[in-house]
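Q: Next up, target_30.cif (mmCIF, C-alpha atoms).
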```
data_coords
loop_
_atom_site.label_atom_id
_atom_site.label_comp_id
_atom_site.auth_asym_id
_atom_site.auth_seq_id
_atom_site.Cartn_x
_atom_site.Cartn_y
_atom_site.Cartn_z
CA MET A 20 28.53 -5.64 8.31
CA ARG A 21 29.87 -2.32 7.02
CA VAL A 22 27.77 -2.10 3.87
CA GLU A 23 24.57 -2.96 5.74
CA THR A 24 25.30 -0.41 8.47
CA LYS A 25 26.01 2.29 5.89
CA LEU A 26 22.86 1.53 3.91
CA PHE A 27 20.62 1.97 6.95
CA THR A 28 22.56 4.96 8.31
CA TYR A 29 22.15 6.82 5.00
CA LEU A 30 18.42 6.16 5.08
CA LEU A 31 18.34 7.42 8.68
CA ALA A 32 20.21 10.56 7.60
CA PHE A 33 17.59 11.03 4.88
CA PHE A 34 14.53 10.62 7.09
CA VAL A 35 15.60 12.89 9.98
CA PRO A 36 15.60 16.13 7.91
CA VAL A 37 12.48 14.94 6.08
CA ILE A 38 10.59 14.92 9.42
CA PHE A 39 11.35 18.64 9.84
CA ILE A 40 10.70 19.54 6.22
CA TYR A 41 7.33 17.81 6.43
CA GLY A 42 6.59 19.41 9.78
CA PHE A 43 7.35 22.97 8.68
CA TRP A 44 5.57 22.45 5.39
CA THR A 45 2.36 21.43 7.15
CA LYS A 46 2.95 23.94 10.00
CA TRP A 47 3.02 20.99 12.46
CA THR A 48 -0.76 20.65 12.15
CA GLU A 49 -0.78 17.20 10.58
CA PRO A 50 0.32 14.59 13.13
CA ILE A 51 0.10 11.39 11.05
CA GLY A 52 3.00 12.18 8.74
CA VAL A 53 5.22 13.45 11.53
CA THR A 54 4.56 10.32 13.64
CA ALA A 55 5.08 7.96 10.72
CA LEU A 56 8.26 9.67 9.52
CA THR A 57 9.71 9.86 13.04
CA LEU A 58 9.17 6.16 13.63
CA THR A 59 10.48 5.33 10.15
CA ALA A 60 13.66 7.10 11.21
CA GLY A 61 13.47 4.99 14.38
CA LEU A 62 13.28 1.84 12.26
CA PHE A 63 16.49 2.74 10.44
CA ALA A 64 18.18 3.87 13.67
CA LEU A 65 17.38 0.54 15.34
CA VAL A 66 18.58 -1.62 12.45
CA SER A 67 21.71 0.40 11.64
CA PHE A 68 22.71 0.51 15.30
CA TYR A 69 22.31 -3.24 15.66
CA PHE A 70 24.21 -3.95 12.44
CA TRP A 71 27.01 -1.70 13.65
CA MET A 72 27.09 -3.45 17.04
CA THR A 73 27.05 -6.92 15.47
CA GLY A 74 29.77 -5.88 13.04
CA ARG A 75 31.98 -4.80 15.93
CA LYS A 76 31.64 -8.20 17.60
CA LEU A 77 32.35 -10.23 14.45
CA PRO A 78 35.69 -10.40 12.69
CA LEU A 79 35.89 -8.61 9.32
CA ARG A 80 33.89 -10.62 6.81
CA PRO A 81 35.27 -11.50 3.37
CA GLU A 82 32.46 -9.38 1.83
CA ASP A 83 33.87 -6.32 3.62
CA ASN A 84 37.39 -7.00 2.42
CA VAL A 85 38.20 -5.48 -0.99
CA SER A 86 40.77 -8.18 -1.76
CA GLY A 87 38.64 -11.00 -0.28
CA GLU A 88 38.32 -14.34 -2.04
CA ILE A 89 35.18 -16.44 -2.39
CA GLU A 90 36.72 -19.37 -0.54
CA ASP A 91 37.32 -17.10 2.48
CA ALA A 92 33.58 -17.28 3.11
CA GLU A 93 33.61 -21.03 3.82
CA GLY A 94 32.98 -22.41 7.27
CA ASP A 95 30.26 -22.73 9.85
CA TYR A 96 27.26 -20.46 9.28
CA GLY A 97 25.19 -21.54 12.23
CA TYR A 98 22.65 -24.21 12.97
CA PHE A 99 19.90 -25.02 10.48
CA VAL A 100 17.24 -27.66 10.97
CA ALA A 101 17.44 -30.11 8.06
CA SER A 102 13.69 -30.18 7.57
CA SER A 103 10.74 -29.49 9.77
CA TRP A 104 6.99 -29.91 9.46
CA THR A 105 6.08 -28.06 12.65
CA PRO A 106 5.86 -24.56 11.06
CA LEU A 107 3.17 -25.97 8.75
CA TRP A 108 1.14 -27.29 11.69
CA LEU A 109 1.51 -23.96 13.46
CA ALA A 110 0.40 -22.07 10.35
CA LEU A 111 -2.60 -24.38 9.91
CA ALA A 112 -3.58 -23.86 13.54
CA GLY A 113 -3.22 -20.11 12.98
CA ALA A 114 -5.49 -20.33 9.95
CA VAL A 115 -8.11 -22.22 11.98
CA MET A 116 -7.88 -19.61 14.76
CA PHE A 117 -8.29 -16.80 12.25
CA ALA A 118 -11.28 -18.50 10.65
CA GLY A 119 -12.62 -18.86 14.18
CA LEU A 120 -12.78 -15.08 14.51
CA ALA A 121 -15.23 -15.02 11.59
CA ILE A 122 -17.12 -18.26 12.26
CA GLY A 123 -17.28 -18.56 16.04
CA TRP A 124 -15.25 -18.67 19.21
CA TRP A 125 -15.67 -22.46 19.52
CA LEU A 126 -13.52 -22.86 16.39
CA PHE A 127 -10.97 -20.36 17.73
CA ILE A 128 -10.56 -22.40 20.91
CA ILE A 129 -10.05 -25.62 18.91
CA GLY A 130 -7.45 -23.82 16.76
CA ALA A 131 -5.75 -22.41 19.84
CA PHE A 132 -5.40 -25.92 21.29
CA PHE A 133 -3.63 -27.18 18.14
CA GLY A 134 -1.63 -23.94 18.04
CA ILE A 135 -0.26 -24.52 21.53
CA VAL A 136 0.73 -28.10 20.65
CA ALA A 137 2.44 -27.00 17.41
CA LEU A 138 4.21 -24.08 19.10
CA VAL A 139 5.61 -26.26 21.87
CA LEU A 140 6.71 -28.89 19.32
CA TRP A 141 8.49 -26.25 17.27
CA VAL A 142 10.21 -24.54 20.19
CA PHE A 143 11.53 -27.83 21.56
CA GLU A 144 12.26 -29.52 18.25
CA SER A 145 15.99 -28.80 18.33
CA PHE A 146 16.32 -28.66 22.09
CA SER A 147 15.32 -32.11 23.22
CA GLY A 148 16.32 -35.68 22.55
CA GLU A 149 19.59 -37.20 21.47
CA TYR A 150 20.58 -34.60 18.85
CA SER A 151 19.64 -31.50 20.79
CA ILE A 152 21.78 -28.46 20.19
CA MET B 23 22.08 -14.32 13.02
CA VAL B 24 18.92 -15.09 14.98
CA ALA B 25 19.57 -11.85 16.86
CA VAL B 26 19.86 -9.74 13.70
CA GLY B 27 16.66 -11.25 12.33
CA THR B 28 14.88 -10.45 15.59
CA ILE B 29 15.98 -6.81 15.43
CA VAL B 30 14.83 -6.47 11.81
CA TRP B 31 11.46 -7.94 12.80
CA LEU B 32 11.26 -5.58 15.79
CA SER B 33 11.89 -2.61 13.51
CA SER B 34 8.83 -3.68 11.51
CA GLU B 35 6.92 -3.94 14.79
CA LEU B 36 7.92 -0.35 15.40
CA MET B 37 6.09 0.60 12.20
CA PHE B 38 3.02 -1.30 13.40
CA PHE B 39 2.94 0.84 16.53
CA ALA B 40 3.64 3.91 14.37
CA GLY B 41 0.21 3.33 12.83
CA LEU B 42 -1.45 3.25 16.26
CA PHE B 43 0.39 6.37 17.42
CA ALA B 44 -0.59 8.18 14.21
CA VAL B 45 -4.26 7.29 14.75
CA TYR B 46 -4.06 8.55 18.33
CA PHE B 47 -2.46 11.88 17.44
CA GLN B 48 -4.77 12.47 14.50
CA LEU B 49 -7.97 11.86 16.47
CA ARG B 50 -6.61 13.87 19.37
CA SER B 51 -6.00 16.87 17.10
CA VAL B 52 -9.56 16.86 15.72
CA ARG B 53 -11.56 15.82 18.81
CA THR B 54 -10.08 18.16 21.44
CA GLU B 55 -13.27 18.38 23.50
CA LEU B 56 -13.80 14.63 23.63
CA TRP B 57 -10.18 14.18 24.71
CA ALA B 58 -10.49 16.76 27.49
CA GLN B 59 -13.60 14.98 28.75
CA GLN B 60 -12.37 11.37 28.51
CA THR B 61 -8.78 11.73 29.73
CA GLU B 62 -10.22 12.98 33.04
CA LYS B 63 -11.29 9.39 33.70
CA LEU B 64 -7.75 7.97 33.54
CA ASN B 65 -6.17 6.85 36.79
CA LEU B 66 -2.65 8.27 36.53
CA THR B 67 -1.35 6.97 39.87
CA PHE B 68 -2.36 3.40 39.14
CA ALA B 69 -0.99 3.53 35.59
CA SER B 70 2.31 5.00 36.81
CA ILE B 71 2.82 2.15 39.27
CA ASN B 72 1.96 -0.35 36.55
CA CYS B 73 4.39 1.33 34.16
CA LEU B 74 7.13 1.21 36.78
CA VAL B 75 6.54 -2.52 37.27
CA LEU B 76 7.06 -3.14 33.55
CA VAL B 77 10.22 -1.02 33.44
CA VAL B 78 11.65 -2.86 36.46
CA SER B 79 10.82 -6.21 34.81
CA SER B 80 13.11 -5.16 31.96
CA VAL B 81 15.93 -4.71 34.48
CA TRP B 82 15.41 -8.23 35.86
CA CYS B 83 15.34 -9.52 32.29
CA GLN B 84 18.70 -7.91 31.54
CA LEU B 85 20.22 -9.40 34.69
CA GLY B 86 19.01 -12.78 33.42
CA VAL B 87 20.58 -12.11 30.01
CA TRP B 88 23.98 -11.47 31.57
CA LYS B 89 23.70 -14.82 33.38
CA ALA B 90 22.65 -16.53 30.13
CA GLU B 91 25.62 -15.04 28.28
CA ARG B 92 27.91 -16.52 30.90
CA GLY B 93 26.15 -19.86 30.46
CA GLN B 94 24.69 -19.97 33.95
CA LYS B 95 21.22 -21.38 33.40
CA ALA B 96 20.13 -21.93 37.01
CA ARG B 97 21.01 -20.83 40.52
CA THR B 98 24.00 -22.39 42.26
CA GLY B 99 23.06 -21.35 45.80
CA SER B 100 19.79 -21.30 47.68
CA LEU B 101 16.74 -19.41 46.40
CA LEU B 102 17.41 -16.51 48.79
CA ASP B 103 20.99 -16.18 47.59
CA ILE B 104 20.23 -13.64 44.85
CA LYS B 105 23.88 -13.20 43.87
CA HIS B 106 24.04 -16.78 42.64
CA TRP B 107 20.81 -16.75 40.71
CA GLY B 108 20.93 -18.03 37.16
CA MET B 109 19.07 -16.99 34.04
CA ARG B 110 16.07 -19.14 35.00
CA GLU B 111 15.40 -17.38 38.32
CA TRP B 112 15.70 -13.89 36.80
CA TYR B 113 13.40 -14.83 33.95
CA VAL B 114 10.80 -16.23 36.35
CA LEU B 115 10.94 -12.92 38.24
CA THR B 116 10.55 -11.03 34.95
CA TYR B 117 7.56 -13.22 34.13
CA LEU B 118 5.93 -12.44 37.48
CA PHE B 119 6.40 -8.69 37.00
CA GLY B 120 5.04 -8.90 33.44
CA ALA B 121 2.03 -10.89 34.66
CA PHE B 122 1.45 -8.23 37.32
CA PHE B 123 1.42 -5.59 34.59
CA ILE B 124 -1.20 -7.47 32.56
CA ALA B 125 -3.34 -8.01 35.65
CA GLY B 126 -3.11 -4.26 36.29
CA GLN B 127 -4.18 -3.53 32.72
CA VAL B 128 -7.22 -5.77 33.12
CA MET B 129 -8.18 -3.96 36.33
CA GLU B 130 -7.77 -0.61 34.64
CA TYR B 131 -9.94 -1.71 31.71
CA SER B 132 -12.70 -2.85 34.05
CA GLU B 133 -12.59 0.51 35.83
CA LEU B 134 -12.82 2.41 32.55
CA VAL B 135 -15.63 0.22 31.22
CA GLN B 136 -17.62 1.07 34.35
CA GLU B 137 -17.14 4.73 33.46
CA ASN B 138 -18.50 4.05 29.97
CA VAL B 139 -15.21 4.12 28.08
CA THR B 140 -15.48 1.08 25.83
CA LEU B 141 -14.07 -0.04 22.50
CA SER B 142 -17.26 1.10 20.75
CA SER B 143 -18.27 4.07 22.95
CA ASP B 144 -16.47 6.84 21.05
CA ALA B 145 -13.27 7.70 19.18
CA TYR B 146 -11.30 8.00 22.40
CA GLY B 147 -12.38 4.58 23.66
CA SER B 148 -11.55 2.94 20.32
CA VAL B 149 -8.06 4.33 20.08
CA PHE B 150 -7.34 3.83 23.78
CA TYR B 151 -8.23 0.14 23.72
CA MET B 152 -6.64 -0.43 20.31
CA ALA B 153 -3.29 1.04 21.38
CA THR B 154 -3.08 -0.34 24.91
CA GLY B 155 -4.78 -3.58 23.87
CA PHE B 156 -2.33 -4.35 21.09
CA HIS B 157 0.48 -3.53 23.48
CA GLY B 158 -1.06 -5.80 26.09
CA MET B 159 -1.27 -8.61 23.52
CA HIS B 160 2.42 -8.10 22.79
CA VAL B 161 3.23 -8.33 26.49
CA THR B 162 1.14 -11.50 26.74
CA GLY B 163 3.03 -12.95 23.78
CA GLY B 164 6.27 -12.07 25.57
CA LEU B 165 5.06 -13.87 28.69
CA ILE B 166 4.39 -17.02 26.63
CA ALA B 167 7.86 -16.68 25.11
CA PHE B 168 9.35 -16.46 28.60
CA LEU B 169 7.58 -19.64 29.65
CA LEU B 170 8.94 -21.47 26.60
CA ILE B 171 12.46 -20.13 27.13
CA ILE B 172 12.39 -21.08 30.81
CA ALA B 173 11.08 -24.54 29.90
CA ARG B 174 13.92 -24.97 27.42
CA THR B 175 16.48 -24.74 30.22
CA PHE B 176 15.09 -28.01 31.60
CA THR B 177 15.40 -30.05 28.40
CA THR B 178 19.16 -30.13 28.00
CA ARG B 179 21.81 -30.86 30.58
CA ARG B 180 24.24 -28.45 28.99
CA TYR B 181 23.27 -24.81 28.50
CA THR B 182 24.33 -24.30 24.91
CA HIS B 183 24.98 -21.19 22.85
CA ALA B 184 21.74 -21.75 20.91
CA ASN B 185 19.85 -21.80 24.21
CA ALA B 186 21.46 -18.53 25.32
CA THR B 187 20.62 -16.91 21.95
CA GLY B 188 16.96 -17.78 22.47
CA ALA B 189 17.07 -16.12 25.89
CA VAL B 190 18.82 -13.02 24.51
CA VAL B 191 16.39 -12.45 21.63
CA THR B 192 13.43 -12.85 23.99
CA SER B 193 14.98 -10.08 26.08
CA TYR B 194 15.26 -7.88 22.95
CA TYR B 195 11.56 -8.35 22.39
CA TRP B 196 10.81 -7.61 26.03
CA HIS B 197 12.88 -4.41 26.05
CA PHE B 198 11.17 -3.33 22.83
CA VAL B 199 7.71 -3.86 24.30
CA ASP B 200 8.86 -1.99 27.40
CA VAL B 201 10.10 1.02 25.39
CA VAL B 202 6.86 1.08 23.39
CA TRP B 203 4.95 1.16 26.67
CA ILE B 204 7.01 4.12 27.92
CA ALA B 205 6.09 5.97 24.71
CA LEU B 206 2.43 4.93 24.98
CA PHE B 207 2.33 5.90 28.65
CA ALA B 208 3.83 9.31 27.90
CA THR B 209 1.33 9.81 25.07
CA ILE B 210 -1.85 8.57 26.72
CA TYR B 211 -1.35 9.45 30.38
CA LEU B 212 1.11 12.37 30.48
CA LEU B 213 0.50 14.23 27.21
CA ARG B 214 -3.19 13.22 27.18
#
```
How does this structure look as structure tokens?
A:
Amino acid sequence: MRVETKLFTYLLAFFVPVIFIYGFWTKWTEPIGVTALTLTAGLFALVSFYFWMTGRKLPLRPEDNVSGEIEDAEGDYGYFVASSWTPLWLALAGAVMFAGLAIGWWLFIIGAFFGIVALVLWVFESFSGEYSI
Amino acid sequence: MVAVGTIVWLSSELMFFAGLFAVYFQLRSVRTELWAQQTEKLNLTFASINCLVLVVSSVWCQLGVWKAERGQKARTGSLLDIKHWGMREWYVLTYLFGAFFIAGQVMEYSELVQENVTLSSDAYGSVFYMATGFHGMHVTGGLIAFLLIIARTFTTRRYTHANATGAVVTSYYWHFVDVVWIALFATIYLLR
């Protein structure tokens, strides 16, 4: 994860001085920019830190190895559901709930009911039955 | 990689809250009088206790994560034997503390509404309910996630790696929401 960590660390190193440049330029009288820039730096700090931590736990990836070969990248990449319809049902229920905000609460409640069913189906899809992971 | 994806999503959530913080600070800088008048109505003692409850819930959550990482999904001793609790017991405790926090928020809202601080009363009311309300919705979402994660421990006999990952990423979300609350608490109640 070296490249990813570097990418986000560089952006962090860019945004930290920018906070102060912006602050001094506006004489610290304009809070929106300072808040937004500080939390943008926070975004990069969070992601780069987690990439660095994940990279420490994992063995060196072929991408990080200058003399790596393409076939080194073969193997198990994790678990992927072959196909699933439940995200569609959840999205449809979400659409009904959102329309409910404009049309009326009765529709929101109907959408919420289908949303709960779809959410539970999705969460348990891979964790129940014969082929559960 | 579920964990990395969760962190990337949480970093975008950080930017969502950046918007709310920016609104708060901007309005605060232009409406000094309104702020001085309205922040008087806040109940600092009550909010501090509520904040402490949420912070402590994060500790219970982390204790549950360590159990999940060791693959211990449920307690091996009696319910009073805290040392042998599994991930499930710690997560239920986290859920109870989180639910207490939300109940406290609701009580605080009702108190403030009685003092005529509402979503549409003035700029202070709008930004107060927008910021704490969106945070409260995030906590509620976290509570639902906890219920689903706890329920998952009942569906399989073996506590698998995928199960533990689900528990760990839920804890990431919970810690994030907790940290955001510390920042919101410092901004709204301490800095005023």
Q: Set the distance at 7 Å and use only C-alpha atoms: which residues neighbour region 118-131 of chain B once local chain neighbours fewer than 3 positions away are removed? I'd like the list as an MDAnalysis selection string.
A: chainID B and resid 72 75:76 79 114:115 134:135 158 165
Q: Report the residues retrieved by the PyMOL selection byres ((chain B and resi 177) around 12) from the displayed file, expressed as a ChimeraX atom specification.
A: /A:142-152 /B:95,170-176,178-182,185
Q: Within 9 Å of chain B, which residues of chain A come that close, and what is the closest atom pair and distance in Å for each? Count all atoms listed in the file and give it as a tab-separated table.
A:
```
residue	atom	partner	partner_atom	distance
A:Thr48	CA	B:Ser51	CA	8.1
A:Glu49	CA	B:Gln48	CA	7.3
A:Pro50	CA	B:Gln48	CA	5.7
A:Ile51	CA	B:Ala44	CA	4.6
A:Gly52	CA	B:Ala44	CA	7.7
A:Val53	CA	B:Ala44	CA	8.3
A:Thr54	CA	B:Ala44	CA	5.6
A:Ala55	CA	B:Ala40	CA	5.6
A:Leu56	CA	B:Ala40	CA	8.8
A:Thr57	CA	B:Ala40	CA	8.6
A:Leu58	CA	B:Ala40	CA	6.0
A:Thr59	CA	B:Met37	CA	6.8
A:Gly61	CA	B:Leu36	CA	7.8
A:Leu62	CA	B:Ser33	CA	4.8
A:Phe63	CA	B:Ser33	CA	7.7
A:Leu65	CA	B:Ser33	CA	6.6
A:Val66	CA	B:Val30	CA	6.2
A:Tyr69	CA	B:Val26	CA	7.2
A:Phe70	CA	B:Val26	CA	7.4
A:Thr73	CA	B:Val26	CA	7.9
A:Tyr96	CA	B:Met23	CA	8.9
A:Gly97	CA	B:Met23	CA	7.9
A:Tyr98	CA	B:Ala184	CA	8.4
A:Val139	CA	B:Leu170	CA	7.5
A:Val142	CA	B:Leu170	CA	7.2
A:Phe143	CA	B:Arg174	CA	6.9
A:Phe146	CA	B:Thr177	CA	6.5
A:Ser147	CA	B:Thr177	CA	5.6
A:Gly148	CA	B:Thr177	CA	8.2
A:Ser151	CA	B:Thr178	CA	7.4
A:Ile152	CA	B:Ala184	CA	6.7
```
Q: List as JSON, numbers by chain the residues having at least one atom at most 12 Å from position (16.2, -4.6, 24.4) as given in the file, counting only C-alpha atoms.
A: {"A": [65, 69], "B": [25, 28, 29, 32, 33, 77, 79, 80, 81, 83, 84, 87, 189, 190, 191, 192, 193, 194, 195, 196, 197, 198, 199, 200, 201, 202]}
Q: Using all atoms of region 183-196 of chain B listed in the file and a margin of 3 Å per side, can you give the axis-aligned box centre and edge lengths in Å to one decimal, as lines of an AutoDock Vina configuration file?
A:
```
center_x = 17.9
center_y = -14.7
center_z = 23.5
size_x = 20.2
size_y = 20.2
size_z = 11.2
```
Q: CA of Leu101 (chain B) to CA of Val78 (chain B): how many Å, to one decimal?
A: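 It comes out at 20.0 Å.
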Q: What is the CA of Met109 (chain B) to CA of Gln94 (chain B) distance in Å?
A: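 Between CA of Met109 (chain B) and CA of Gln94 (chain B) the gap is 6.4 Å.
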Q: Rounded to one decimal place, report the CA of Glu55 (chain B)-CA of Ser132 (chain B) distance in Å.
A: 23.7 Å
